[in-house]
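Participant: What follows is start_21.txt; its format and atoms are compact mmCIF, C-alpha atoms and all ligand atoms.
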# COMPACT_ATOMS: atom_id res chain seq x y z
CA VAL A 1 -79.65 76.59 12.62
CA TYR A 2 -76.74 74.77 14.23
CA ILE A 3 -77.38 71.38 15.80
CA LEU A 4 -74.90 69.52 17.95
CA GLY A 5 -75.37 65.78 17.40
CA ILE A 6 -74.24 63.09 19.85
CA GLU A 7 -74.07 59.34 19.15
CA THR A 8 -73.00 56.65 21.65
CA SER A 9 -75.37 53.74 20.93
CA CYS A 10 -72.70 51.11 20.29
CA ASP A 11 -68.92 51.35 20.07
CA GLU A 12 -68.41 54.73 18.41
CA THR A 13 -68.29 57.89 20.50
CA SER A 14 -69.25 60.62 18.08
CA ALA A 15 -70.16 64.32 18.11
CA ALA A 16 -70.92 66.59 15.17
CA VAL A 17 -72.09 70.07 14.30
CA VAL A 18 -74.52 70.22 11.36
CA GLN A 19 -75.98 73.36 9.82
CA ASP A 20 -79.64 73.31 8.72
CA GLY A 21 -79.74 69.52 8.69
CA ARG A 22 -77.69 69.45 5.48
CA ILE A 23 -74.17 70.83 5.96
CA VAL A 24 -71.61 68.95 8.04
CA LEU A 25 -69.32 71.41 9.83
CA SER A 26 -67.64 68.68 11.87
CA ASN A 27 -68.11 64.97 12.50
CA ILE A 28 -65.72 63.53 15.09
CA ILE A 29 -65.78 59.74 15.48
CA ALA A 30 -63.80 57.99 18.22
CA SER A 31 -64.04 54.30 17.34
CA GLN A 32 -63.45 51.62 19.94
CA ALA A 33 -63.09 48.84 17.36
CA ASP A 34 -59.46 48.23 18.34
CA ILE A 35 -60.40 47.47 21.94
CA HIS A 36 -63.34 45.19 21.12
CA LYS A 37 -61.34 43.32 18.45
CA ARG A 38 -59.65 41.31 21.20
CA PHE A 39 -63.03 39.93 22.24
CA GLY A 40 -64.40 39.35 18.73
CA GLY A 41 -67.35 41.67 19.36
CA VAL A 42 -68.55 44.64 21.37
CA VAL A 43 -68.32 44.19 25.15
CA PRO A 44 -71.07 46.43 26.61
CA GLU A 45 -69.33 47.29 29.90
CA VAL A 46 -66.12 48.20 28.13
CA ALA A 47 -68.04 50.30 25.61
CA SER A 48 -69.84 52.32 28.31
CA ARG A 49 -66.64 53.07 30.16
CA ARG A 50 -64.91 54.17 26.98
CA HIS A 51 -67.79 56.47 26.08
CA VAL A 52 -67.49 58.12 29.51
CA GLU A 53 -63.77 58.68 28.94
CA ASN A 54 -64.22 60.04 25.41
CA ILE A 55 -67.47 61.99 25.36
CA THR A 56 -66.31 65.38 26.68
CA LEU A 57 -63.25 65.59 24.45
CA THR A 58 -65.22 64.40 21.43
CA ILE A 59 -67.84 67.14 21.91
CA GLU A 60 -65.15 69.78 22.46
CA GLU A 61 -63.36 68.68 19.31
CA ALA A 62 -66.57 68.75 17.26
CA LEU A 63 -67.21 72.35 18.34
CA GLN A 64 -63.62 73.37 17.73
CA VAL A 65 -63.40 71.86 14.24
CA ALA A 66 -66.73 73.51 13.36
CA GLY A 67 -65.38 76.84 14.62
CA LYS A 68 -68.32 77.14 17.02
CA THR A 69 -68.90 77.39 20.75
CA LEU A 70 -71.92 76.21 22.73
CA ASP A 71 -73.25 79.79 22.44
CA ASP A 72 -73.79 79.15 18.70
CA ILE A 73 -75.66 75.86 19.15
CA ASP A 74 -79.48 75.99 18.74
CA ALA A 75 -80.31 72.44 19.89
CA ILE A 76 -78.75 69.14 21.00
CA ALA A 77 -79.78 65.96 19.17
CA VAL A 78 -78.83 62.66 20.77
CA THR A 79 -79.38 59.00 19.96
CA CYS A 80 -81.83 57.72 22.61
CA GLY A 81 -82.26 54.19 21.18
CA PRO A 82 -82.02 51.47 20.09
CA GLY A 83 -78.60 50.30 21.25
CA LEU A 84 -76.71 49.18 24.34
CA VAL A 85 -78.41 50.81 27.31
CA GLY A 86 -75.22 51.67 29.19
CA ALA A 87 -73.71 53.13 26.03
CA LEU A 88 -76.83 55.15 25.12
CA LEU A 89 -77.03 56.62 28.62
CA VAL A 90 -73.60 58.25 28.33
CA GLY A 91 -74.65 60.28 25.30
CA VAL A 92 -78.10 61.02 26.69
CA ALA A 93 -76.66 62.24 30.01
CA ALA A 94 -74.14 64.47 28.25
CA ALA A 95 -76.84 65.92 25.98
CA LYS A 96 -79.18 66.59 28.89
CA ALA A 97 -76.44 68.32 30.87
CA ILE A 98 -75.67 70.70 27.98
CA ALA A 99 -79.35 71.33 27.19
CA PHE A 100 -80.05 72.13 30.86
CA ALA A 101 -77.01 74.31 31.40
CA ARG A 102 -77.47 76.25 28.15
CA GLU A 103 -81.28 76.27 28.20
CA ILE A 104 -81.49 74.97 24.64
CA PRO A 105 -83.86 72.33 23.24
CA LEU A 106 -83.05 68.63 23.57
CA ILE A 107 -84.02 66.22 20.76
CA GLY A 108 -84.13 62.43 21.06
CA VAL A 109 -83.23 60.67 17.81
CA HIS A 110 -83.87 57.06 16.77
CA HIS A 111 -80.56 55.57 15.67
CA ILE A 112 -82.03 54.09 12.46
CA ALA A 113 -83.73 57.39 11.57
CA GLY A 114 -80.21 58.78 11.87
CA HIS A 115 -78.80 56.18 9.47
CA ILE A 116 -81.55 57.06 6.97
CA TYR A 117 -81.01 60.82 7.36
CA ALA A 118 -77.31 60.39 6.57
CA ASN A 119 -78.57 60.55 2.99
CA ARG A 120 -79.90 64.09 3.46
CA LEU A 121 -76.31 65.19 4.01
CA VAL A 122 -75.75 64.16 0.38
CA GLU A 123 -78.96 65.14 -1.35
CA GLU A 124 -82.39 66.56 -0.44
CA MET A 125 -84.99 63.83 0.19
CA GLN A 126 -87.81 63.16 -2.29
CA PHE A 127 -91.01 61.48 -1.06
CA PRO A 128 -92.30 58.85 -1.17
CA LEU A 129 -88.86 57.52 -0.31
CA LEU A 130 -87.70 53.94 0.19
CA ALA A 131 -84.78 53.24 2.53
CA LEU A 132 -82.86 49.99 2.52
CA VAL A 133 -81.45 49.85 6.04
CA VAL A 134 -78.62 47.36 6.45
CA SER A 135 -76.59 47.61 9.64
CA GLY A 136 -75.07 45.58 12.41
CA GLY A 137 -78.39 45.11 14.20
CA HIS A 138 -81.04 45.93 11.58
CA THR A 139 -82.11 44.92 8.09
CA GLU A 140 -85.30 46.54 6.92
CA LEU A 141 -87.09 48.22 4.05
CA VAL A 142 -88.59 51.49 5.29
CA LEU A 143 -91.14 53.59 3.38
CA MET A 144 -91.27 57.32 4.14
CA LYS A 145 -94.12 59.40 2.74
CA GLU A 146 -92.87 62.52 4.50
CA HIS A 147 -90.19 63.67 6.93
CA ASN A 148 -90.02 61.79 10.23
CA HIS A 149 -92.64 59.28 9.12
CA PHE A 150 -91.46 55.68 8.92
CA ARG A 151 -93.32 52.55 7.83
CA ILE A 152 -91.46 49.25 7.95
CA LEU A 153 -92.40 47.17 4.87
CA GLY A 154 -90.27 44.22 5.89
CA GLU A 155 -87.42 43.30 8.18
CA THR A 156 -85.12 40.44 9.03
CA ARG A 157 -86.66 37.46 10.78
CA ASP A 158 -83.34 36.40 12.28
CA ASP A 159 -79.85 37.86 11.79
CA ALA A 160 -79.18 41.36 10.51
CA ALA A 161 -77.08 41.64 7.34
CA GLY A 162 -74.09 43.07 9.21
CA GLU A 163 -74.40 40.37 11.84
CA ALA A 164 -74.29 37.70 9.10
CA TYR A 165 -71.21 39.36 7.62
CA ASP A 166 -69.50 39.43 11.00
CA LYS A 167 -70.37 35.78 11.79
CA VAL A 168 -69.17 34.51 8.42
CA ALA A 169 -66.01 36.58 8.82
CA ARG A 170 -65.44 34.98 12.20
CA ALA A 171 -65.78 31.51 10.66
CA LEU A 172 -63.07 32.54 8.20
CA SER A 173 -60.89 33.73 11.12
CA LEU A 174 -61.03 37.38 10.02
CA PRO A 175 -60.81 40.16 12.64
CA TYR A 176 -63.86 42.02 14.00
CA PRO A 177 -65.72 43.75 12.44
CA GLY A 178 -65.53 41.35 9.53
CA GLY A 179 -67.82 43.06 7.01
CA PRO A 180 -65.14 45.15 5.31
CA HIS A 181 -62.78 42.13 5.09
CA ILE A 182 -65.40 39.95 3.39
CA ASP A 183 -66.16 42.85 1.04
CA ARG A 184 -62.49 43.12 0.03
CA MET A 185 -62.15 39.34 -0.49
CA ALA A 186 -65.42 39.15 -2.44
CA ALA A 187 -64.05 41.62 -4.98
CA GLU A 188 -61.23 39.17 -5.79
CA GLY A 189 -63.16 35.88 -5.72
CA ASN A 190 -65.59 34.01 -7.95
CA PRO A 191 -69.08 33.37 -6.62
CA SER A 192 -68.67 29.70 -7.48
CA VAL A 193 -69.84 28.07 -4.24
CA PRO A 194 -73.57 27.24 -4.41
CA LEU A 195 -75.40 28.96 -1.55
CA PRO A 196 -79.13 29.53 -0.92
CA ARG A 197 -81.06 32.77 -1.45
CA ALA A 198 -83.74 33.46 1.16
CA TRP A 199 -86.59 34.90 -0.91
CA LEU A 200 -89.27 33.79 1.64
CA GLU A 201 -92.92 34.15 0.49
CA PRO A 202 -93.27 35.71 -2.98
CA ASP A 203 -94.88 38.91 -1.69
CA SER A 204 -92.76 39.26 1.45
CA TYR A 205 -90.37 42.16 2.07
CA ASP A 206 -88.87 40.33 5.02
CA PHE A 207 -85.32 39.01 5.05
CA SER A 208 -83.54 36.03 6.56
CA PHE A 209 -79.81 35.48 6.77
CA SER A 210 -79.34 32.72 9.33
CA GLY A 211 -79.89 29.94 6.76
CA LEU A 212 -77.23 31.42 4.52
CA LYS A 213 -74.84 31.76 7.45
CA SER A 214 -75.42 28.09 8.35
CA ALA A 215 -74.87 27.06 4.73
CA VAL A 216 -71.50 28.83 4.74
CA LEU A 217 -70.51 27.14 8.01
CA ASN A 218 -71.64 23.72 6.68
CA THR A 219 -69.68 24.22 3.48
CA LEU A 220 -66.52 24.91 5.48
CA HIS A 221 -67.20 22.03 7.87
CA ASN A 222 -67.93 19.46 5.13
CA ALA A 223 -64.86 20.45 3.15
CA ALA A 224 -62.69 20.11 6.27
CA GLN A 225 -64.09 16.62 6.94
CA ARG A 226 -63.29 15.51 3.42
CA GLY A 227 -59.82 16.96 3.75
CA GLU A 228 -60.57 19.44 0.98
CA THR A 229 -59.97 23.16 1.08
CA ILE A 230 -62.39 25.83 -0.02
CA ASP A 231 -60.91 29.02 -1.36
CA PRO A 232 -62.02 31.58 1.26
CA VAL A 233 -62.00 34.29 -1.37
CA ASP A 234 -64.52 32.39 -3.51
CA LEU A 235 -66.62 31.60 -0.45
CA ALA A 236 -66.68 35.30 0.49
CA ALA A 237 -67.72 36.20 -3.06
CA SER A 238 -70.48 33.57 -3.01
CA PHE A 239 -71.79 34.72 0.37
CA GLN A 240 -71.78 38.36 -0.69
CA SER A 241 -73.55 37.67 -3.96
CA SER A 242 -76.34 35.83 -2.12
CA VAL A 243 -76.81 38.70 0.34
CA VAL A 244 -76.62 41.42 -2.29
CA GLU A 245 -78.94 39.71 -4.76
CA VAL A 246 -81.78 39.37 -2.24
CA LEU A 247 -81.34 42.88 -0.82
CA VAL A 248 -81.29 44.50 -4.24
CA GLU A 249 -84.19 42.55 -5.78
CA LYS A 250 -86.51 43.20 -2.82
CA THR A 251 -85.59 46.87 -2.82
CA ILE A 252 -86.38 47.24 -6.53
CA ARG A 253 -89.68 45.38 -6.14
CA ALA A 254 -90.74 47.67 -3.26
CA ALA A 255 -89.57 50.78 -5.14
CA LYS A 256 -91.86 49.82 -8.03
CA GLU A 257 -94.83 48.75 -5.92
CA PHE A 258 -94.85 52.01 -3.94
CA ASP A 259 -93.79 54.12 -6.90
CA VAL A 260 -91.11 55.90 -4.89
CA LYS A 261 -89.28 59.01 -6.05
CA GLN A 262 -86.03 58.06 -4.35
CA VAL A 263 -84.22 55.05 -2.94
CA VAL A 264 -81.65 55.60 -0.19
CA LEU A 265 -79.14 53.18 1.30
CA ALA A 266 -78.44 53.30 5.03
CA GLY A 267 -76.45 51.61 7.79
CA GLY A 268 -72.97 50.17 8.14
CA VAL A 269 -73.41 47.56 5.39
CA ALA A 270 -74.17 50.45 2.99
CA ALA A 271 -70.38 50.76 2.92
CA ASN A 272 -70.28 47.43 1.06
CA LYS A 273 -68.85 47.97 -2.42
CA GLY A 274 -70.65 45.01 -3.96
CA LEU A 275 -74.01 46.20 -2.64
CA ARG A 276 -73.41 49.79 -3.73
CA MET A 277 -72.51 48.73 -7.26
CA ALA A 278 -75.37 46.26 -7.68
CA LEU A 279 -77.97 48.67 -6.31
CA GLN A 280 -76.69 51.49 -8.50
CA HIS A 281 -76.90 49.27 -11.55
CA ARG A 282 -80.44 48.04 -10.84
CA CYS A 283 -81.79 51.47 -9.89
CA GLU A 284 -80.42 52.92 -13.12
CA LYS A 285 -82.11 50.15 -15.08
CA ALA A 286 -85.40 50.70 -13.22
CA ASN A 287 -85.03 54.48 -13.57
CA VAL A 288 -85.24 55.16 -9.82
CA PRO A 289 -83.02 57.91 -8.36
CA LEU A 290 -80.64 56.44 -5.78
CA VAL A 291 -78.68 58.14 -3.00
CA ILE A 292 -75.78 56.43 -1.26
CA PRO A 293 -73.89 58.15 1.58
CA PRO A 294 -70.09 58.39 1.51
CA PHE A 295 -68.42 55.65 3.56
CA VAL A 296 -67.87 57.76 6.68
CA LEU A 297 -71.60 58.53 6.91
CA CYS A 298 -72.62 54.85 6.53
CA THR A 299 -71.27 53.53 9.84
CA ASP A 300 -72.20 55.12 13.16
CA ASN A 301 -71.61 58.88 13.35
CA ALA A 302 -73.19 61.92 14.98
CA ALA A 303 -73.66 64.00 11.81
CA MET A 304 -76.51 61.69 10.76
CA ILE A 305 -78.08 62.12 14.23
CA ALA A 306 -77.92 65.91 13.93
CA ALA A 307 -79.42 65.67 10.41
CA ALA A 308 -82.37 63.64 11.70
CA GLY A 309 -82.67 65.93 14.73
CA PHE A 310 -83.05 68.97 12.49
CA VAL A 311 -86.43 67.69 11.26
CA SER A 312 -87.69 67.37 14.84
CA TYR A 313 -86.28 70.84 15.52
CA GLN A 314 -88.37 72.30 12.71
CA GLN A 315 -91.40 70.36 13.94
CA ARG A 316 -90.72 71.60 17.50
CA LYS A 317 -90.68 68.01 18.73
CA PHE A 318 -88.45 68.36 21.75
CA ALA A 319 -87.63 65.91 24.51
CA SER A 320 -87.91 66.77 28.17
CA LEU A 321 -84.99 66.50 30.56
CA ASP A 322 -86.19 63.08 31.72
CA LEU A 323 -85.22 61.60 28.33
CA ASN A 324 -83.93 58.05 28.77
CA GLY A 325 -81.96 55.54 26.72
CA THR A 326 -84.31 52.89 25.31
CA PRO A 327 -82.51 49.73 24.08
CA ASN A 328 -85.46 48.49 21.95
CA LEU A 329 -86.94 51.82 20.83
CA PRO A 330 -89.29 51.15 17.87
CA LEU A 331 -88.78 53.18 14.67
CA GLU A 332 -92.38 53.48 13.58
CA THR A 333 -93.67 55.23 16.69
CA SER A 334 -90.55 57.27 17.41
CA ALA A 335 -91.75 60.08 15.16
CA GLU A 336 -95.26 60.33 16.59
P1 LIG B 1 -77.40 49.28 14.31
O1 LIG B 1 -77.17 50.47 13.45
O2 LIG B 1 -78.34 48.29 13.71
O3 LIG B 1 -77.73 49.64 15.71
P2 LIG B 1 -74.56 49.11 14.47
O4 LIG B 1 -74.70 50.58 14.75
O5 LIG B 1 -73.69 48.29 15.33
O6 LIG B 1 -76.01 48.48 14.40
P3 LIG B 1 -73.41 49.99 12.06
O7 LIG B 1 -72.32 50.72 12.74
O8 LIG B 1 -74.44 50.76 11.39
O9 LIG B 1 -74.09 48.92 13.01
O10 LIG B 1 -72.75 48.99 11.04
C1 LIG B 1 -71.75 48.08 11.46
C2 LIG B 1 -71.87 46.84 10.63
O11 LIG B 1 -71.57 47.16 9.26
C3 LIG B 1 -70.94 45.73 11.04
O12 LIG B 1 -71.68 44.53 11.09
C4 LIG B 1 -69.91 45.71 9.91
O13 LIG B 1 -69.35 44.43 9.68
C5 LIG B 1 -70.75 46.15 8.74
N1 LIG B 1 -69.95 46.68 7.64
C6 LIG B 1 -69.15 47.77 7.64
N2 LIG B 1 -68.53 47.91 6.44
C7 LIG B 1 -68.96 46.87 5.66
C8 LIG B 1 -68.70 46.44 4.33
N3 LIG B 1 -67.86 47.10 3.53
N4 LIG B 1 -69.32 45.32 3.90
C9 LIG B 1 -70.18 44.64 4.69
N5 LIG B 1 -70.45 44.97 5.94
C10 LIG B 1 -69.86 46.09 6.43
MG MG B 2 -69.89 50.25 15.38
FE FE B 3 -75.68 51.92 13.48
Show this structure as structure tokens.
Ligand code: ATP
Ligand code: MG
Ligand code: FE
Facilitator:
Amino acid sequence: VYILGIETSCDETSAAVVQDGRIVLSNIIASQADIHKRFGGVVPEVASRRHVENITLTIEEALQVAGKTLDDIDAIAVTCGPGLVGALLVGVAAAKAIAFAREIPLIGVHHIAGHIYANRLVEEMQFPLLALVVSGGHTELVLMKEHNHFRILGETRDDAAGEAYDKVARALSLPYPGGPHIDRMAAEGNPSVPLPRAWLEPDSYDFSFSGLKSAVLNTLHNAAQRGETIDPVDLAASFQSSVVEVLVEKTIRAAKEFDVKQVVLAGGVAANKGLRMALQHRCEKANVPLVIPPFVLCTDNAAMIAAAGFVSYQQRKFASLDLNGTPNLPLETSAE
């Protein structure tokens, strides 16, 4: 079964061909990061226009690299939410046009389900499965007892992890997106600046990063007022160790409580080297199998959307041609 995946929820225009939900034949990603850099974040109108310009060529390239034509494609899977509505609509419209013209099934995919299913491109899933989702807009612990079934155990009460990374990076005058820059600096610094850890209530699987972000900003501000300088490399290391410690400890606690067979890491912040190392270390100690996607499958891409779409294909859960982009699409009901 060959599925053509399409992803346009934010600032990556991506198309991919995936075989049987497991084998990536192509995964073309046209990033707009260079354009949005000038504004220090994604500008929705600019993103939509860019998607319109890029979508056709991106799909053609995905087919060409895979050595396939539309005649070979069994279904189209497209991100239908959450994300920027104008951006989502470009992918959804393209997918609907192909599905209609070729008379093949259309599948709507939740973007976060896609991030989670990136792991199935690495290794087969084992249930019950726990996913730590850490991206630009989401931070949540998701329990899956079977395919396409998602239960959110906890989520961020304020900023997402990636958002916190990008805001701290901005305070340090690093270019957008700042996550990778902080990651690189953290590897060289000492976590010597005292910063809070947001554990919340003892039994909570929720997260909070806005207090930490404020603490970083206050540290910089107070130092500036006293005419002192803070080594940005040490500050980055301190910030990262606070984020990573909370993410990893809550993940391990949930993995034990729900006796999961596998932990998977998902979302753009899964590219973080400090997080990958710490989680690997703790999962080994706790004897829980861990899957981490390669870097290119962590940030937004269409291969993960095709991988998630394959499950719906097998379950014959198809969308009709009135499929819409839904900016706040919930994960838990998306599979029902
Ligand atoms: P969502 O998936 O929640 O809709 P999004 O699609 O915008 O949001 P992703 O593309 O999944 O987010 O991830 C982008 C985020 O990942 C950015 O905030 C970026 O800074 C962060 N990120 C990427 N690489 C790293 C890294 N090495 N360390 C920390 N953060 C990183
Ligand atoms: Mg992006
Ligand atoms: Fe994403």
Participant: Counting all atoms listed in the file, which residue out of A:Val248, A:Pro180, A:Gln262, A:Lys167 sits closest to Ser214 (chain A)?
Facilitator: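 When distances to Ser214 (chain A) are compared using all atoms listed in the file, the smallest one comes from A:Lys167.
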Participant: Show me which residues line ligand FE 3 (chain B), defined as having an atom within 7 Å of a ligand atom where only C-alpha atoms and all ligand atoms count, and present them as a PyMOL selection string.
Facilitator: chain A and resi 111-112+115+135-136+267-268+299-300
Participant: Would you put the residues from that selection into a file with C-alpha atoms, as a compact mmCIF listing (two decimals), in the coordinates of the input?
Facilitator:
# COMPACT_ATOMS: atom_id res chain seq x y z
CA HIS A 111 -80.56 55.57 15.67
CA ILE A 112 -82.03 54.09 12.46
CA HIS A 115 -78.80 56.18 9.47
CA SER A 135 -76.59 47.61 9.64
CA GLY A 136 -75.07 45.58 12.41
CA GLY A 267 -76.45 51.61 7.79
CA GLY A 268 -72.97 50.17 8.14
CA THR A 299 -71.27 53.53 9.84
CA ASP A 300 -72.20 55.12 13.16
Participant: Find the residues near ligand MG 2 (chain B). Use a cut-off of 12 Å, count all atoms listed in the file, and write them as a VMD selection string.
Facilitator: chain A and resid 7 to 14 29 to 37 41 to 44 47 83 to 84 87 111 135 to 137 162 to 163 166 176 to 179 267 to 269 296 to 301
Participant: With distances taken over only C-alpha atoms, which of A:Leu88, A:Thr58, A:Arg49, A:Leu279 is nearest to Val291 (chain A)?
Facilitator: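 Among the listed residues, the smallest separation from Val291 (chain A) belongs to A:Leu279.
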Participant: Considering all atoms listed in the file, return as a PyMOL selection string whatever protein or nucleic-acid residues lie within 7 Å of Ile6 (chain A), sequence-local ones (same chain, fewer than 6 positions apart) excluded.
Facilitator: chain A and resi 14-16+77-79+91+302+305
Participant: Find the axis-aligned box for ligand LIG 1 (chain B), covering all its listed atoms and adding 8 Å on each side, and write its centre and edge lengths in Å to one decimal as lines of an AutoDock Vina configuration file.
Facilitator:
center_x = -73.1
center_y = 47.6
center_z = 9.6
size_x = 26.5
size_y = 22.3
size_z = 28.2
Participant: If I take CA of His51 (chain A) and atom P1 of ligand LIG 1 (chain B), how far is one from the other in Å, to one decimal?
Facilitator: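 Interatomic distance, CA of His51 (chain A) to atom P1 of ligand LIG 1 (chain B): 16.8 Å.
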Participant: Would you pick out the contacts of Gly108 (chain A) at 12 Å or less, using all atoms listed in the file, so that residues sharing its chain but fewer than 3 positions from it are not included, and give the list as a VMD selection string?
Facilitator: chain A and resid 5 to 7 75 to 82 88 to 89 91 to 93 95 to 96 99 105 111 113 to 114 305 to 306 308 to 313 316 to 326 329 334 to 335
Participant: Atom O12 of ligand LIG 1 (chain B) to CA of Gly274 (chain A): how many Å, to one decimal?
Facilitator: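 Separation between atom O12 of ligand LIG 1 (chain B) and CA of Gly274 (chain A): 15.1 Å.
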Participant: Looking at all atoms listed in the file, which of A:Ala237, A:Val122, A:Ala97, A:Ala62 is the one that sits closest to ligand LIG 1 (chain B)?
Facilitator: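 Of all the options, A:Ala237 lies closest to ligand LIG 1 (chain B).
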Participant: Quick one: pull the distance between atom C1 of ligand LIG 1 (chain B) and CA of Asn272 (chain A), Å, one decimal.
Facilitator: 10.5 Å
Participant: Which residue out of A:Val233, A:Leu174, A:Ala255, A:Val65 has the minimum interatomic distance to ligand LIG 1 (chain B) when only C-alpha atoms and all ligand atoms are used?
Facilitator: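 The shortest atom-to-atom distance to ligand LIG 1 (chain B) comes from A:Leu174.
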